[in-house]
Amino acid sequence: MTVLKEPTGPSVPLSKLAPEAALRRLELTVVRRLEGFLQGDHRGLLPGPGTDPNDARLYQPGQDDVRKMDWAVTARTTEPHVRDTIADRELEVWALLDVTPSMNWGTEGITKRDLGIAAIATIGFLSQKMGDRFGGMIMRQDSIRRIPARSGRTALYGLLRRMLDEPIVPDHAEGDMTLEAGIEQLVRTQRRRGMRVVVSDFLTPGDSELDPNVEPEWERSLRRLSVKNQVLAIEVVDARELDFPDVGEMLIKDPESNFARYVNTSDEAARRRMNAASKAQRERVRVALRRAGVGHIQLRTDRDWVQDIARFVLSYRRTAGMLHTPPQGVAR
């Protein structure tokens with residue numbers, strides 16, 4: 001993958017997304033107490049008489065089972081709605097993947113988009129237990145595609161394959177979908193408490209603000225998502241977004257807006273200013289994610305993503321151990 005050619009397909013095969021052998025000794029320990037307080041791990045695998053109905057939502061052709069149609073809500077709203085059930089499972093993980101044009105960038109053999117899928121694969125293997133379900137939402141420039149949550153390794157591989165096969169969104173594609181709207185849809189449609197993973201570069205088209213005290217437009221939605229869920233924000237960046245190379249005159253274009261400008265990267269002062277602006281931009285993202293109270297991992301296309309996630313998981317495990325330890329003198 002180079003900066004001179006737009007991607008036409010995945011830049012990494014499914015078999016190399018997440019080496020399971022490197023993850024067998026690791027497990028993603030949840031930090032906050034969720035439904036059932038994770039005691040006993042599982043209460044049941046299939047919906048039964050005690051299963052609670054979930055909220056109704058709009059029917060998505062080709063993705064929802066028509067047998068789950070809520071005819072009462074459909075009649076009142078004149079739009080087809082389905083109603084999901086909340087199965088008696090302990091943990092449900094949902095991942096929101098940003099595949100807008102800015103995620104197509106990549107100069108180290110892998111695009112940011114495919115690095116995000118690799119991160120989802122790694123989190124999926126780490127959080128997988130019997131009965132736990134993993135679902136996905138793919139945020140395009142014009143819509144969001146929902147992949148139902150299912151349990152099992154085969155289902156996880158199926159989800160990853162569908163994400164890899166998702167058509168590449170071309171530059172300047174029509175649509176007004178934003179990361180804020182994608183997170184809000186995740187808040188509205190998945191009401192049961194669980195783990196939520198948001199994978200994006202967290203860049204907003206046209207936003208040139210560098211002051212960390214100014215909230216990005218997606219911060220409030222992310223804060224709402226973290227009220228009832230454990231949220232993990234995975235920020236994917238390319239090495240050349242942080243350290244501009246000395247390659248002479250270069251055309252810099254924003255794939256989601258009309259911005260385009262020639263920059264002489266051989267000018268050390270200009271390169272230093274660009275690197276400083278990029279660093280300030282990433283610092284603003286880091287501060288916003290911290291204010292939102294979510295876990296934050298930054299993955300780079302020039303580093304081993306499995307090692308970075310493993311390092312984060314080990315630190316998270318220590319945090320979870322401290323939070324789940326009862327006070328002195330109190331039995332568990």
# chains A, B, ... in the order shown; residues from 1 in each chain; ligands from 1

call {"tool": "residues_around", "arguments": {"residues": "Met250 (chain A)", "least_positions_apart": "5", "cutoff": "8 Å", "atoms": "only C-alpha atoms", "output": "ChimeraX atom specification"}}
result
/A:262-265

call {"tool": "select_by_dssp", "arguments": {"residues": "region 152-331 of chain A", "states": "alpha helix (DSSP H)", "output": "ChimeraX atom specification"}}
result
/A:153-165,179-189,219-228,239-242,268-292,305-324

call {"tool": "residues_around", "arguments": {"residues": "Pro10 (chain A)", "least_positions_apart": "4", "cutoff": "12 Å", "atoms": "only C-alpha atoms", "output": "JSON list (two decimals) with all heavy atoms, in the first residue's frame"}}
result
[["chain", "number", "residue", "atom", "x", "y", "z"],
["A", 1, "MET", "N", 0.84, -1.19, 0.00],
["A", 1, "MET", "CA", 0.00, 0.00, 0.00],
["A", 1, "MET", "C", 0.88, 1.25, 0.00],
["A", 1, "MET", "O", 1.79, 1.38, 0.82],
["A", 1, "MET", "CB", -0.88, -0.02, 1.26],
["A", 1, "MET", "CG", -1.71, 1.26, 1.45],
["A", 1, "MET", "SD", -2.85, 1.47, 0.10],
["A", 1, "MET", "CE", -3.31, 3.17, 0.33],
["A", 6, "GLU", "N", -5.06, 4.42, -4.57],
["A", 6, "GLU", "CA", -6.17, 4.17, -3.67],
["A", 6, "GLU", "C", -6.39, 2.67, -3.51],
["A", 6, "GLU", "O", -6.24, 1.91, -4.47],
["A", 6, "GLU", "CB", -7.46, 4.81, -4.23],
["A", 6, "GLU", "CG", -7.42, 6.32, -4.24],
["A", 6, "GLU", "CD", -8.76, 6.90, -4.67],
["A", 6, "GLU", "OE1", -9.72, 6.11, -4.78],
["A", 6, "GLU", "OE2", -8.84, 8.12, -4.88],
["A", 14, "LEU", "N", -7.20, -12.43, 6.06],
["A", 14, "LEU", "CA", -7.91, -12.78, 7.28],
["A", 14, "LEU", "C", -7.05, -13.63, 8.20],
["A", 14, "LEU", "O", -7.07, -13.47, 9.42],
["A", 14, "LEU", "CB", -9.21, -13.53, 6.94],
["A", 14, "LEU", "CG", -10.08, -13.99, 8.13],
["A", 14, "LEU", "CD1", -10.56, -12.80, 8.93],
["A", 14, "LEU", "CD2", -11.28, -14.81, 7.62],
["A", 16, "LYS", "N", -4.03, -13.48, 8.92],
["A", 16, "LYS", "CA", -2.99, -12.76, 9.64],
["A", 16, "LYS", "C", -3.52, -11.63, 10.50],
["A", 16, "LYS", "O", -2.75, -10.84, 11.04],
["A", 16, "LYS", "CB", -1.97, -12.19, 8.64],
["A", 16, "LYS", "CG", -1.18, -13.25, 7.90],
["A", 16, "LYS", "CD", -0.12, -12.63, 7.01],
["A", 16, "LYS", "CE", 0.69, -13.72, 6.28],
["A", 16, "LYS", "NZ", 1.73, -13.12, 5.41],
["A", 17, "LEU", "N", -4.85, -11.56, 10.65],
["A", 17, "LEU", "CA", -5.43, -10.46, 11.41],
["A", 17, "LEU", "C", -5.03, -10.50, 12.87],
["A", 17, "LEU", "O", -4.67, -9.49, 13.46],
["A", 17, "LEU", "CB", -6.96, -10.48, 11.29],
["A", 17, "LEU", "CG", -7.55, -9.78, 10.08],
["A", 17, "LEU", "CD1", -9.05, -9.81, 10.14],
["A", 17, "LEU", "CD2", -7.06, -8.35, 9.99],
["A", 99, "VAL", "N", -15.18, 3.30, 8.47],
["A", 99, "VAL", "CA", -14.55, 2.99, 7.17],
["A", 99, "VAL", "C", -14.70, 4.16, 6.21],
["A", 99, "VAL", "O", -14.70, 3.98, 4.99],
["A", 99, "VAL", "CB", -15.15, 1.70, 6.54],
["A", 99, "VAL", "CG1", -14.89, 0.50, 7.42],
["A", 99, "VAL", "CG2", -16.65, 1.84, 6.26],
["A", 104, "ASN", "N", -8.69, 5.05, 4.64],
["A", 104, "ASN", "CA", -8.05, 4.31, 3.56],
["A", 104, "ASN", "C", -6.55, 4.58, 3.46],
["A", 104, "ASN", "O", -5.87, 3.97, 2.64],
["A", 104, "ASN", "CB", -8.71, 4.67, 2.22],
["A", 104, "ASN", "CG", -10.16, 4.21, 2.15],
["A", 104, "ASN", "OD1", -10.55, 3.27, 2.84],
["A", 104, "ASN", "ND2", -10.97, 4.88, 1.35],
["A", 106, "GLY", "N", -2.58, 4.61, 4.25],
["A", 106, "GLY", "CA", -1.65, 3.65, 4.81],
["A", 106, "GLY", "C", -0.35, 3.64, 4.02],
["A", 106, "GLY", "O", -0.38, 3.52, 2.79],
["A", 109, "GLY", "N", 2.32, -0.78, 4.46],
["A", 109, "GLY", "CA", 1.86, -2.10, 4.06],
["A", 109, "GLY", "C", 0.48, -2.46, 4.54],
["A", 109, "GLY", "O", -0.04, -3.53, 4.19],
["A", 110, "ILE", "N", -0.16, -1.60, 5.33],
["A", 110, "ILE", "CA", -1.51, -1.86, 5.82],
["A", 110, "ILE", "C", -2.23, -0.52, 5.96],
["A", 110, "ILE", "O", -1.63, 0.49, 6.34],
["A", 110, "ILE", "CB", -1.47, -2.60, 7.18],
["A", 110, "ILE", "CG1", -2.89, -2.96, 7.64],
["A", 110, "ILE", "CG2", -0.75, -1.79, 8.24],
["A", 110, "ILE", "CD1", -2.92, -3.83, 8.89],
["A", 111, "THR", "N", -3.50, -0.49, 5.61],
["A", 111, "THR", "CA", -4.27, 0.74, 5.74],
["A", 111, "THR", "C", -4.79, 0.88, 7.17],
["A", 111, "THR", "O", -4.86, -0.10, 7.93],
["A", 111, "THR", "CB", -5.47, 0.74, 4.77],
["A", 111, "THR", "OG1", -6.34, -0.36, 5.10],
["A", 111, "THR", "CG2", -5.01, 0.61, 3.33],
["A", 112, "LYS", "N", -5.17, 2.10, 7.52],
["A", 112, "LYS", "CA", -5.74, 2.33, 8.85],
["A", 112, "LYS", "C", -7.04, 1.54, 9.02],
["A", 112, "LYS", "O", -7.32, 1.04, 10.12],
["A", 112, "LYS", "CB", -6.01, 3.82, 9.06],
["A", 112, "LYS", "CG", -4.76, 4.67, 9.12],
["A", 112, "LYS", "CD", -5.06, 6.05, 9.67],
["A", 112, "LYS", "CE", -5.95, 6.85, 8.75],
["A", 112, "LYS", "NZ", -6.20, 8.21, 9.28],
["A", 113, "ARG", "N", -7.79, 1.42, 7.96],
["A", 113, "ARG", "CA", -9.05, 0.65, 8.01],
["A", 113, "ARG", "C", -8.79, -0.81, 8.38],
["A", 113, "ARG", "O", -9.44, -1.36, 9.27],
["A", 113, "ARG", "CB", -9.75, 0.76, 6.65],
["A", 113, "ARG", "CG", -10.83, -0.26, 6.40],
["A", 113, "ARG", "CD", -11.40, -0.09, 5.02],
["A", 113, "ARG", "NE", -12.12, -1.28, 4.59],
["A", 113, "ARG", "CZ", -13.24, -1.25, 3.89],
["A", 113, "ARG", "NH1", -13.77, -0.10, 3.54],
["A", 113, "ARG", "NH2", -13.83, -2.36, 3.52],
["A", 114, "ASP", "N", -7.82, -1.45, 7.70],
["A", 114, "ASP", "CA", -7.54, -2.85, 7.99],
["A", 114, "ASP", "C", -6.85, -3.02, 9.34],
["A", 114, "ASP", "O", -7.01, -4.05, 10.00],
["A", 114, "ASP", "CB", -6.68, -3.45, 6.88],
["A", 114, "ASP", "CG", -7.46, -3.63, 5.59],
["A", 114, "ASP", "OD1", -8.70, -3.61, 5.66],
["A", 114, "ASP", "OD2", -6.84, -3.77, 4.52],
["A", 115, "LEU", "N", -6.09, -2.03, 9.76],
["A", 115, "LEU", "CA", -5.52, -2.07, 11.11],
["A", 115, "LEU", "C", -6.64, -2.03, 12.15],
["A", 115, "LEU", "O", -6.57, -2.71, 13.18],
["A", 115, "LEU", "CB", -4.57, -0.89, 11.32],
["A", 115, "LEU", "CG", -3.92, -0.78, 12.70],
["A", 115, "LEU", "CD1", -3.11, -2.02, 13.03],
["A", 115, "LEU", "CD2", -3.05, 0.47, 12.79],
["A", 116, "GLY", "N", -7.70, -1.26, 11.87],
["A", 116, "GLY", "CA", -8.85, -1.24, 12.77],
["A", 116, "GLY", "C", -9.55, -2.59, 12.84],
["A", 116, "GLY", "O", -9.98, -3.03, 13.92],
["A", 117, "ILE", "N", -9.66, -3.27, 11.70],
["A", 117, "ILE", "CA", -10.27, -4.60, 11.69],
["A", 117, "ILE", "C", -9.39, -5.58, 12.47],
["A", 117, "ILE", "O", -9.89, -6.45, 13.19],
["A", 117, "ILE", "CB", -10.49, -5.08, 10.25],
["A", 117, "ILE", "CG1", -11.43, -4.12, 9.50],
["A", 117, "ILE", "CG2", -11.07, -6.50, 10.23],
["A", 117, "ILE", "CD1", -11.61, -4.45, 8.03],
["A", 118, "ALA", "N", -8.06, -5.45, 12.32],
["A", 118, "ALA", "CA", -7.15, -6.30, 13.08],
["A", 118, "ALA", "C", -7.33, -6.07, 14.58],
["A", 118, "ALA", "O", -7.26, -7.03, 15.37],
["A", 118, "ALA", "CB", -5.71, -6.02, 12.67],
["A", 160, "LEU", "N", -15.46, -10.76, 10.82],
["A", 160, "LEU", "CA", -14.23, -10.16, 10.31],
["A", 160, "LEU", "C", -14.17, -10.22, 8.79],
["A", 160, "LEU", "O", -13.73, -9.28, 8.13],
["A", 160, "LEU", "CB", -13.02, -10.87, 10.92],
["A", 160, "LEU", "CG", -12.87, -10.77, 12.45],
["A", 160, "LEU", "CD1", -11.73, -11.64, 12.92],
["A", 160, "LEU", "CD2", -12.68, -9.33, 12.88],
["A", 161, "ARG", "N", -14.62, -11.36, 8.22],
["A", 161, "ARG", "CA", -14.64, -11.49, 6.77],
["A", 161, "ARG", "C", -15.56, -10.46, 6.14],
["A", 161, "ARG", "O", -15.23, -9.85, 5.11],
["A", 161, "ARG", "CB", -15.05, -12.91, 6.40],
["A", 161, "ARG", "CG", -15.35, -13.13, 4.92],
["A", 161, "ARG", "CD", -14.19, -12.73, 4.03],
["A", 161, "ARG", "NE", -13.02, -13.57, 4.28],
["A", 161, "ARG", "CZ", -11.81, -13.30, 3.80],
["A", 161, "ARG", "NH1", -11.61, -12.19, 3.09],
["A", 161, "ARG", "NH2", -10.80, -14.11, 4.04],
["A", 162, "ARG", "N", -16.72, -10.24, 6.75],
["A", 162, "ARG", "CA", -17.66, -9.25, 6.19],
["A", 162, "ARG", "C", -17.09, -7.85, 6.28],
["A", 162, "ARG", "O", -17.31, -7.01, 5.40],
["A", 162, "ARG", "CB", -19.00, -9.34, 6.93],
["A", 162, "ARG", "CG", -19.74, -10.64, 6.64],
["A", 162, "ARG", "CD", -21.02, -10.75, 7.42],
["A", 162, "ARG", "NE", -22.01, -9.78, 7.00],
["A", 162, "ARG", "CZ", -23.25, -9.72, 7.52],
["A", 162, "ARG", "NH1", -23.62, -10.58, 8.46],
["A", 162, "ARG", "NH2", -24.10, -8.81, 7.10],
["A", 163, "MET", "N", -16.33, -7.57, 7.34],
["A", 163, "MET", "CA", -15.70, -6.25, 7.45],
["A", 163, "MET", "C", -14.61, -6.08, 6.39],
["A", 163, "MET", "O", -14.49, -5.02, 5.78],
["A", 163, "MET", "CB", -15.11, -6.07, 8.85],
["A", 163, "MET", "CG", -16.14, -5.84, 9.93],
["A", 163, "MET", "SD", -15.39, -5.53, 11.56],
["A", 163, "MET", "CE", -16.83, -4.99, 12.48],
["A", 164, "LEU", "N", -13.82, -7.13, 6.16],
["A", 164, "LEU", "CA", -12.77, -7.05, 5.14],
["A", 164, "LEU", "C", -13.35, -6.92, 3.74],
["A", 164, "LEU", "O", -12.77, -6.25, 2.88],
["A", 164, "LEU", "CB", -11.87, -8.29, 5.22],
["A", 164, "LEU", "CG", -10.85, -8.35, 6.35],
["A", 164, "LEU", "CD1", -10.16, -9.71, 6.37],
["A", 164, "LEU", "CD2", -9.81, -7.23, 6.21],
["A", 165, "ASP", "N", -14.49, -7.56, 3.51],
["A", 165, "ASP", "CA", -15.10, -7.55, 2.18],
["A", 165, "ASP", "C", -15.96, -6.31, 1.93],
["A", 165, "ASP", "O", -16.47, -6.13, 0.83],
["A", 165, "ASP", "CB", -15.95, -8.80, 1.97],
["A", 165, "ASP", "CG", -15.09, -10.07, 1.86],
["A", 165, "ASP", "OD1", -13.88, -9.93, 1.61],
["A", 165, "ASP", "OD2", -15.64, -11.17, 2.04],
["A", 166, "GLU", "N", -16.13, -5.49, 2.95],
["A", 166, "GLU", "CA", -16.93, -4.27, 2.77],
["A", 166, "GLU", "C", -16.28, -3.39, 1.71],
["A", 166, "GLU", "O", -15.07, -3.13, 1.74],
["A", 166, "GLU", "CB", -17.01, -3.50, 4.10],
["A", 166, "GLU", "CG", -17.86, -2.26, 4.05],
["A", 166, "GLU", "CD", -19.35, -2.55, 3.94],
["A", 166, "GLU", "OE1", -19.74, -3.70, 4.22],
["A", 166, "GLU", "OE2", -20.10, -1.64, 3.58],
["A", 167, "PRO", "N", -17.05, -2.95, 0.69],
["A", 167, "PRO", "CA", -16.46, -2.14, -0.40],
["A", 167, "PRO", "C", -15.75, -0.89, 0.13],
["A", 167, "PRO", "O", -16.19, -0.27, 1.09],
["A", 167, "PRO", "CB", -17.68, -1.78, -1.26],
["A", 167, "PRO", "CG", -18.69, -2.85, -0.97],
["A", 167, "PRO", "CD", -18.49, -3.21, 0.47],
["A", 168, "ILE", "N", -14.64, -0.56, -0.52],
["A", 168, "ILE", "CA", -13.88, 0.63, -0.15],
["A", 168, "ILE", "C", -14.71, 1.88, -0.46],
["A", 168, "ILE", "O", -15.27, 2.02, -1.55],
["A", 168, "ILE", "CB", -12.55, 0.68, -0.92],
["A", 168, "ILE", "CG1", -11.70, -0.56, -0.61],
["A", 168, "ILE", "CG2", -11.78, 1.95, -0.58],
["A", 168, "ILE", "CD1", -11.22, -0.66, 0.81]]

call {"tool": "closest_atom_pairs", "arguments": {"of": "region 137-201 of chain A", "to": "region 286-302 of chain A", "cutoff": "10 Å", "atoms": "only C-alpha atoms", "output": "tab-separated table"}}
result
residue	atom	partner	partner_atom	distance
A:Arg196	CA	A:Val294	CA	9.8
A:Val197	CA	A:Gly295	CA	9.3
A:Val198	CA	A:His296	CA	9.8
A:Val199	CA	A:Ile297	CA	9.7
A:Asp201	CA	A:Gln298	CA	9.2

call {"tool": "closest_residue", "arguments": {"among": "A:Arg272, A:Arg224, A:Arg261, A:Arg76", "to": "Asp243 (chain A)", "atoms": "only C-alpha atoms"}}
result
A:Arg272

call {"tool": "select_by_dssp", "arguments": {"residues": "region 123-171 of chain A", "states": "strand (DSSP E)", "output": "VMD selection string"}}
result
chain A and resid 133 to 139 144 to 151

call {"tool": "atom_distance", "arguments": {"atom1": "CA of Gln185 (chain A)", "atom2": "CA of Arg140 (chain A)"}}
result
13.0 Å

call {"tool": "closest_residue", "arguments": {"among": "A:Val187, A:Ile120, A:Leu126, A:Leu96", "to": "Arg145 (chain A)", "atoms": "only C-alpha atoms"}}
result
A:Leu96

call {"tool": "residues_around", "arguments": {"residues": "Gly158 (chain A)", "least_positions_apart": "6", "cutoff": "12 Å", "atoms": "only C-alpha atoms", "output": "PyMOL selection string"}}
result
chain A and resi 14+121+124+134-136+147-152+164-165

call {"tool": "write_last_selection", "arguments": {"atoms": "N, CA, C and O atoms", "output": "PDB file, in the first residue's frame"}}
result
ATOM      1  N   LEU A  14      -7.204 -12.433   6.056  1.00  0.00           N
ATOM      2  CA  LEU A  14      -7.910 -12.780   7.284  1.00  0.00           C
ATOM      3  C   LEU A  14      -7.046 -13.632   8.203  1.00  0.00           C
ATOM      4  O   LEU A  14      -7.071 -13.472   9.425  1.00  0.00           O
ATOM      5  N   ALA A 121     -10.406  -7.855  15.644  1.00  0.00           N
ATOM      6  CA  ALA A 121     -10.139  -9.288  15.719  1.00  0.00           C
ATOM      7  C   ALA A 121      -9.437  -9.640  17.023  1.00  0.00           C
ATOM      8  O   ALA A 121      -9.794 -10.619  17.704  1.00  0.00           O
ATOM      9  N   GLY A 124     -11.791  -9.335  19.869  1.00  0.00           N
ATOM     10  CA  GLY A 124     -12.752 -10.439  19.796  1.00  0.00           C
ATOM     11  C   GLY A 124     -12.192 -11.728  20.380  1.00  0.00           C
ATOM     12  O   GLY A 124     -12.864 -12.414  21.153  1.00  0.00           O
ATOM     13  N   PHE A 134     -20.461 -11.316  20.039  1.00  0.00           N
ATOM     14  CA  PHE A 134     -19.699 -10.210  19.457  1.00  0.00           C
ATOM     15  C   PHE A 134     -20.429  -9.749  18.206  1.00  0.00           C
ATOM     16  O   PHE A 134     -20.691 -10.540  17.299  1.00  0.00           O
ATOM     17  N   GLY A 135     -20.787  -8.462  18.167  1.00  0.00           N
ATOM     18  CA  GLY A 135     -21.468  -7.896  17.015  1.00  0.00           C
ATOM     19  C   GLY A 135     -20.720  -6.690  16.485  1.00  0.00           C
ATOM     20  O   GLY A 135     -19.835  -6.142  17.152  1.00  0.00           O
ATOM     21  N   GLY A 136     -21.057  -6.275  15.277  1.00  0.00           N
ATOM     22  CA  GLY A 136     -20.342  -5.165  14.670  1.00  0.00           C
ATOM     23  C   GLY A 136     -21.253  -4.200  13.939  1.00  0.00           C
ATOM     24  O   GLY A 136     -22.343  -4.564  13.491  1.00  0.00           O
ATOM     25  N   ILE A 147     -24.050  -5.798  11.780  1.00  0.00           N
ATOM     26  CA  ILE A 147     -23.792  -7.237  11.728  1.00  0.00           C
ATOM     27  C   ILE A 147     -24.245  -7.820  13.064  1.00  0.00           C
ATOM     28  O   ILE A 147     -23.660  -7.498  14.100  1.00  0.00           O
ATOM     29  N   PRO A 148     -25.289  -8.644  13.078  1.00  0.00           N
ATOM     30  CA  PRO A 148     -25.847  -9.130  14.350  1.00  0.00           C
ATOM     31  C   PRO A 148     -24.813  -9.818  15.228  1.00  0.00           C
ATOM     32  O   PRO A 148     -23.866 -10.448  14.734  1.00  0.00           O
ATOM     33  N   ALA A 149     -24.988  -9.686  16.533  1.00  0.00           N
ATOM     34  CA  ALA A 149     -24.065 -10.300  17.495  1.00  0.00           C
ATOM     35  C   ALA A 149     -24.335 -11.791  17.592  1.00  0.00           C
ATOM     36  O   ALA A 149     -25.475 -12.224  17.755  1.00  0.00           O
ATOM     37  N   ARG A 150     -23.271 -12.570  17.501  1.00  0.00           N
ATOM     38  CA  ARG A 150     -23.378 -14.024  17.634  1.00  0.00           C
ATOM     39  C   ARG A 150     -22.196 -14.522  18.461  1.00  0.00           C
ATOM     40  O   ARG A 150     -21.191 -13.839  18.616  1.00  0.00           O
ATOM     41  N   SER A 151     -22.327 -15.727  18.972  1.00  0.00           N
ATOM     42  CA  SER A 151     -21.265 -16.298  19.791  1.00  0.00           C
ATOM     43  C   SER A 151     -20.495 -17.339  18.986  1.00  0.00           C
ATOM     44  O   SER A 151     -20.991 -17.884  17.996  1.00  0.00           O
ATOM     45  N   GLY A 152     -19.281 -17.612  19.432  1.00  0.00           N
ATOM     46  CA  GLY A 152     -18.475 -18.649  18.787  1.00  0.00           C
ATOM     47  C   GLY A 152     -17.394 -18.085  17.895  1.00  0.00           C
ATOM     48  O   GLY A 152     -17.510 -16.988  17.346  1.00  0.00           O
ATOM     49  N   LEU A 164     -13.822  -7.133   6.157  1.00  0.00           N
ATOM     50  CA  LEU A 164     -12.771  -7.054   5.144  1.00  0.00           C
ATOM     51  C   LEU A 164     -13.353  -6.917   3.743  1.00  0.00           C
ATOM     52  O   LEU A 164     -12.774  -6.249   2.878  1.00  0.00           O
ATOM     53  N   ASP A 165     -14.486  -7.562   3.506  1.00  0.00           N
ATOM     54  CA  ASP A 165     -15.097  -7.548   2.175  1.00  0.00           C
ATOM     55  C   ASP A 165     -15.956  -6.312   1.928  1.00  0.00           C
ATOM     56  O   ASP A 165     -16.474  -6.134   0.825  1.00  0.00           O
TER      57      ASP A 165
END

call {"tool": "atom_distance", "arguments": {"atom1": "CA of Ile144 (chain A)", "atom2": "CA of Met177 (chain A)"}}
result
8.3 Å

call {"tool": "residues_around", "arguments": {"residues": "Phe259 (chain A)", "least_positions_apart": "6", "cutoff": "9 Å", "atoms": "only C-alpha atoms", "output": "PyMOL selection string"}}
result
chain A and resi 206+252-253

call {"tool": "write_last_selection", "arguments": {"atoms": "C-alpha atoms", "output": "PDB file, in the first residue's frame"}}
result
ATOM      1  CA  GLY A 206     -13.035  20.487   8.260  1.00  0.00           C
ATOM      2  CA  ILE A 252      -1.802  17.120   0.565  1.00  0.00           C
ATOM      3  CA  LYS A 253      -5.508  16.391   0.120  1.00  0.00           C
TER       4      LYS A 253
END

call {"tool": "decode", "arguments": {"residues": "region 110-128 of chain A", "atoms": "N, CA and C atoms", "output": "CSV table (one decimal), in the first residue's frame"}}
result
chain,number,residue,atom,x,y,z
A,110,ILE,N,-0.2,-1.6,5.3
A,110,ILE,CA,-1.5,-1.9,5.8
A,110,ILE,C,-2.2,-0.5,6.0
A,111,THR,N,-3.5,-0.5,5.6
A,111,THR,CA,-4.3,0.7,5.7
A,111,THR,C,-4.8,0.9,7.2
A,112,LYS,N,-5.2,2.1,7.5
A,112,LYS,CA,-5.7,2.3,8.8
A,112,LYS,C,-7.0,1.5,9.0
A,113,ARG,N,-7.8,1.4,8.0
A,113,ARG,CA,-9.0,0.7,8.0
A,113,ARG,C,-8.8,-0.8,8.4
A,114,ASP,N,-7.8,-1.4,7.7
A,114,ASP,CA,-7.5,-2.8,8.0
A,114,ASP,C,-6.9,-3.0,9.3
A,115,LEU,N,-6.1,-2.0,9.8
A,115,LEU,CA,-5.5,-2.1,11.1
A,115,LEU,C,-6.6,-2.0,12.1
A,116,GLY,N,-7.7,-1.3,11.9
A,116,GLY,CA,-8.9,-1.2,12.8
A,116,GLY,C,-9.5,-2.6,12.8
A,117,ILE,N,-9.7,-3.3,11.7
A,117,ILE,CA,-10.3,-4.6,11.7
A,117,ILE,C,-9.4,-5.6,12.5
A,118,ALA,N,-8.1,-5.4,12.3
A,118,ALA,CA,-7.1,-6.3,13.1
A,118,ALA,C,-7.3,-6.1,14.6
A,119,ALA,N,-7.5,-4.8,15.0
A,119,ALA,CA,-7.8,-4.5,16.4
A,119,ALA,C,-9.1,-5.2,16.9
A,120,ILE,N,-10.1,-5.1,16.1
A,120,ILE,CA,-11.4,-5.8,16.4
A,120,ILE,C,-11.2,-7.3,16.6
A,121,ALA,N,-10.4,-7.9,15.6
A,121,ALA,CA,-10.1,-9.3,15.7
A,121,ALA,C,-9.4,-9.6,17.0
A,122,THR,N,-8.5,-8.8,17.4
A,122,THR,CA,-7.7,-9.1,18.6
A,122,THR,C,-8.6,-9.0,19.8
A,123,ILE,N,-9.4,-7.9,19.9
A,123,ILE,CA,-10.3,-7.8,21.0
A,123,ILE,C,-11.3,-8.9,21.0
A,124,GLY,N,-11.8,-9.3,19.9
A,124,GLY,CA,-12.8,-10.4,19.8
A,124,GLY,C,-12.2,-11.7,20.4
A,125,PHE,N,-11.0,-12.1,20.0
A,125,PHE,CA,-10.3,-13.3,20.6
A,125,PHE,C,-10.1,-13.2,22.1
A,126,LEU,N,-9.7,-12.0,22.5
A,126,LEU,CA,-9.4,-11.8,24.0
A,126,LEU,C,-10.7,-11.9,24.8
A,127,SER,N,-11.8,-11.4,24.3
A,127,SER,CA,-13.0,-11.3,25.1
A,127,SER,C,-14.0,-12.5,24.9
A,128,GLN,N,-13.5,-13.5,24.1
A,128,GLN,CA,-14.4,-14.6,23.7
A,128,GLN,C,-14.4,-15.6,24.8
